[in-house]
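Participant: Following this message is one structure expressed as structure tokens.
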Amino acid sequence: GVQTCALPICPLRVAFLGDSMAAGYGVESADETFPALVALRLSAATRRAVSVRTVAAVGARSRDLRAQVNALDGPSCDVAVIVVGANDVTHHSSRVEAVRHLTLAVHRLRAGGAAVVVATCPDVGAVPTLAEPLRSVARRRARQLADAQTRASVRAGGLAVPLAQLGPTFVREPDLFGPDRYHPSASGYRLAADLVARCVLPAASVGRVA
């Protein structure tokens, strides 16, 4: 039969889908990864244990979300955090197709009972290795994708978090980028985790996004 337990005992199950940020790429220790940092903040705020499952992959695009949702194998999480979009921009993916894949993923996760939080495309133009005019083109494409992701996520029953609002801070503080000057450093991940955890918290507190 189905086992139940009191809320303080049951861990909050959080799944991470998407690209290298959600996969925990580029830092030296596991507790510096983006999923771990978000989980720590959620645990402190909710006074609950948080279990983390990551099916994200380095280099993933929106088209890869279908396989990642499949990998979760059913309604196995309370909250799903999707971080995707940067690779769609750098690989010139169709924005319409990228948003379609994201929408399907949000619908499937919501149908499984999970609250869904989408961290929309970051400001790719903030990457220090990009020179003009590529910087301006990347920033415009990222902004357009993030806007479309926000609309689609909300329509599908999710919540959108604008990672792009961190762009100016990353430009001012180069140490927020890691050694490859593309992915965030541990400090950069902490900044992103602060933003995302604040937006995940309402969903985690009630177990769903209304």
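Chains: A, B, ... in order of the structure tokens. Residues: from 1 per chain. Ligands: from 1, in order shown.
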Considering only C-alpha atoms, return as a PyMOL selection string whatever protein or nucleic-acid residues lie within 8 Å of A:Asp123, sequence-local ones (same chain, fewer than 6 positions apart) excluded.
Facilitator: chain A and resi 138-139+142-143+163-167
Participant: Those residues you just picked out, can you put them in a file as a PDB file, in the first residue's frame with N, CA and C atoms?
Facilitator:
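The resulting file, result.pdb, is reproduced below:
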ATOM      1  N   ALA A 138      23.668  37.958 -29.074  1.00  0.00           N
ATOM      2  CA  ALA A 138      23.370  36.937 -28.072  1.00  0.00           C
ATOM      3  C   ALA A 138      22.440  37.487 -27.002  1.00  0.00           C
ATOM      4  N   ARG A 139      22.684  38.722 -26.580  1.00  0.00           N
ATOM      5  CA  ARG A 139      21.822  39.319 -25.544  1.00  0.00           C
ATOM      6  C   ARG A 139      20.392  39.474 -26.044  1.00  0.00           C
ATOM      7  N   ALA A 142      18.772  35.985 -26.329  1.00  0.00           N
ATOM      8  CA  ALA A 142      18.502  35.447 -24.996  1.00  0.00           C
ATOM      9  C   ALA A 142      17.287  36.128 -24.379  1.00  0.00           C
ATOM     10  N   ARG A 143      17.186  37.436 -24.538  1.00  0.00           N
ATOM     11  CA  ARG A 143      16.048  38.161 -23.979  1.00  0.00           C
ATOM     12  C   ARG A 143      14.747  37.722 -24.642  1.00  0.00           C
ATOM     13  N   LEU A 163      16.466  34.621 -14.755  1.00  0.00           N
ATOM     14  CA  LEU A 163      17.916  34.599 -14.517  1.00  0.00           C
ATOM     15  C   LEU A 163      18.618  35.790 -15.152  1.00  0.00           C
ATOM     16  N   ALA A 164      18.049  36.326 -16.223  1.00  0.00           N
ATOM     17  CA  ALA A 164      18.703  37.426 -16.931  1.00  0.00           C
ATOM     18  C   ALA A 164      18.878  38.663 -16.059  1.00  0.00           C
ATOM     19  N   GLN A 165      18.095  38.788 -14.985  1.00  0.00           N
ATOM     20  CA  GLN A 165      18.242  39.968 -14.137  1.00  0.00           C
ATOM     21  C   GLN A 165      19.590  39.977 -13.406  1.00  0.00           C
ATOM     22  N   LEU A 166      20.273  38.835 -13.400  1.00  0.00           N
ATOM     23  CA  LEU A 166      21.601  38.772 -12.790  1.00  0.00           C
ATOM     24  C   LEU A 166      22.693  39.217 -13.755  1.00  0.00           C
ATOM     25  N   GLY A 167      22.342  39.409 -15.031  1.00  0.00           N
ATOM     26  CA  GLY A 167      23.341  39.755 -16.038  1.00  0.00           C
ATOM     27  C   GLY A 167      24.203  40.947 -15.693  1.00  0.00           C
TER      28      GLY A 167
END
Participant: So that I can check the surroundings of A:Gly178, please list as a list in words every protein, DNA and RNA residue that reaches within 9 Å of it, counting only C-alpha atoms and ignoring chain neighbours fewer than 4 positions away.
Facilitator: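 After dropping sequence-adjacent residues, the list is Gly26, Val27, Pro174, Tyr182, His183, Pro184, Ser185, Ala186, Ser187 and Gly188 of chain A.
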Participant: Those residues you just picked out, can you put them in a file as a PDB file, in the first residue's frame with N, CA, C and O atoms?
Facilitator:
ATOM      1  N   GLY A  26      31.174  22.596 -13.179  1.00  0.00           N
ATOM      2  CA  GLY A  26      32.180  23.636 -13.120  1.00  0.00           C
ATOM      3  C   GLY A  26      32.681  24.062 -11.759  1.00  0.00           C
ATOM      4  O   GLY A  26      33.456  25.016 -11.664  1.00  0.00           O
ATOM      5  N   VAL A  27      32.261  23.374 -10.687  1.00  0.00           N
ATOM      6  CA  VAL A  27      32.779  23.727  -9.366  1.00  0.00           C
ATOM      7  C   VAL A  27      33.503  22.525  -8.764  1.00  0.00           C
ATOM      8  O   VAL A  27      33.373  21.400  -9.234  1.00  0.00           O
ATOM      9  N   PRO A 174      33.465  40.083 -12.605  1.00  0.00           N
ATOM     10  CA  PRO A 174      33.950  38.972 -13.432  1.00  0.00           C
ATOM     11  C   PRO A 174      34.235  37.691 -12.647  1.00  0.00           C
ATOM     12  O   PRO A 174      34.208  36.596 -13.223  1.00  0.00           O
ATOM     13  N   TYR A 182      32.738  31.194 -18.977  1.00  0.00           N
ATOM     14  CA  TYR A 182      31.418  30.963 -19.562  1.00  0.00           C
ATOM     15  C   TYR A 182      30.427  30.503 -18.489  1.00  0.00           C
ATOM     16  O   TYR A 182      29.367  31.076 -18.335  1.00  0.00           O
ATOM     17  N   HIS A 183      30.818  29.459 -17.752  1.00  0.00           N
ATOM     18  CA  HIS A 183      29.964  28.956 -16.683  1.00  0.00           C
ATOM     19  C   HIS A 183      30.225  29.737 -15.390  1.00  0.00           C
ATOM     20  O   HIS A 183      31.318  30.259 -15.187  1.00  0.00           O
ATOM     21  N   PRO A 184      29.235  29.793 -14.519  1.00  0.00           N
ATOM     22  CA  PRO A 184      29.440  30.505 -13.250  1.00  0.00           C
ATOM     23  C   PRO A 184      30.485  29.826 -12.369  1.00  0.00           C
ATOM     24  O   PRO A 184      30.713  28.621 -12.445  1.00  0.00           O
ATOM     25  N   SER A 185      31.109  30.631 -11.537  1.00  0.00           N
ATOM     26  CA  SER A 185      31.969  30.119 -10.466  1.00  0.00           C
ATOM     27  C   SER A 185      31.086  29.720  -9.289  1.00  0.00           C
ATOM     28  O   SER A 185      29.854  29.857  -9.335  1.00  0.00           O
ATOM     29  N   ALA A 186      31.716  29.250  -8.209  1.00  0.00           N
ATOM     30  CA  ALA A 186      30.944  28.926  -7.007  1.00  0.00           C
ATOM     31  C   ALA A 186      30.177  30.156  -6.517  1.00  0.00           C
ATOM     32  O   ALA A 186      29.014  30.060  -6.102  1.00  0.00           O
ATOM     33  N   SER A 187      30.807  31.321  -6.583  1.00  0.00           N
ATOM     34  CA  SER A 187      30.133  32.562  -6.170  1.00  0.00           C
ATOM     35  C   SER A 187      28.965  32.881  -7.089  1.00  0.00           C
ATOM     36  O   SER A 187      27.902  33.346  -6.639  1.00  0.00           O
ATOM     37  N   GLY A 188      29.150  32.648  -8.378  1.00  0.00           N
ATOM     38  CA  GLY A 188      28.071  32.881  -9.336  1.00  0.00           C
ATOM     39  C   GLY A 188      26.896  31.959  -9.101  1.00  0.00           C
ATOM     40  O   GLY A 188      25.727  32.378  -9.176  1.00  0.00           O
TER      41      GLY A 188
END
Participant: What lies within 9 Å of A:Leu65 using only C-alpha atoms, ignoring chain neighbours under 4 positions off, as a PyMOL selection string?
Facilitator: chain A and resi 17-18+56+60-61+69-70+82+84+101-102+104-105
Participant: Between atom CA of A:Ala146 and atom CA of A:Pro162, what is the spacing in Å?
Facilitator: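 Computed distance, atom CA of A:Pro162 to atom CA of A:Ala146, equals 7.4 Å.
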Participant: For A:Glu32, which residue among A:Val89, A:Val127, A:Ala193, A:Ala115 is the nearest when counting only C-alpha atoms?
Facilitator: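 The shortest atom-to-atom distance to A:Glu32 comes from A:Ala193.
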Participant: Can you work out the spacing between atom CA of A:Ala203 and atom CA of A:Leu42 in Å, to one decimal?
Facilitator: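 Those two atoms sit 10.6 Å apart.
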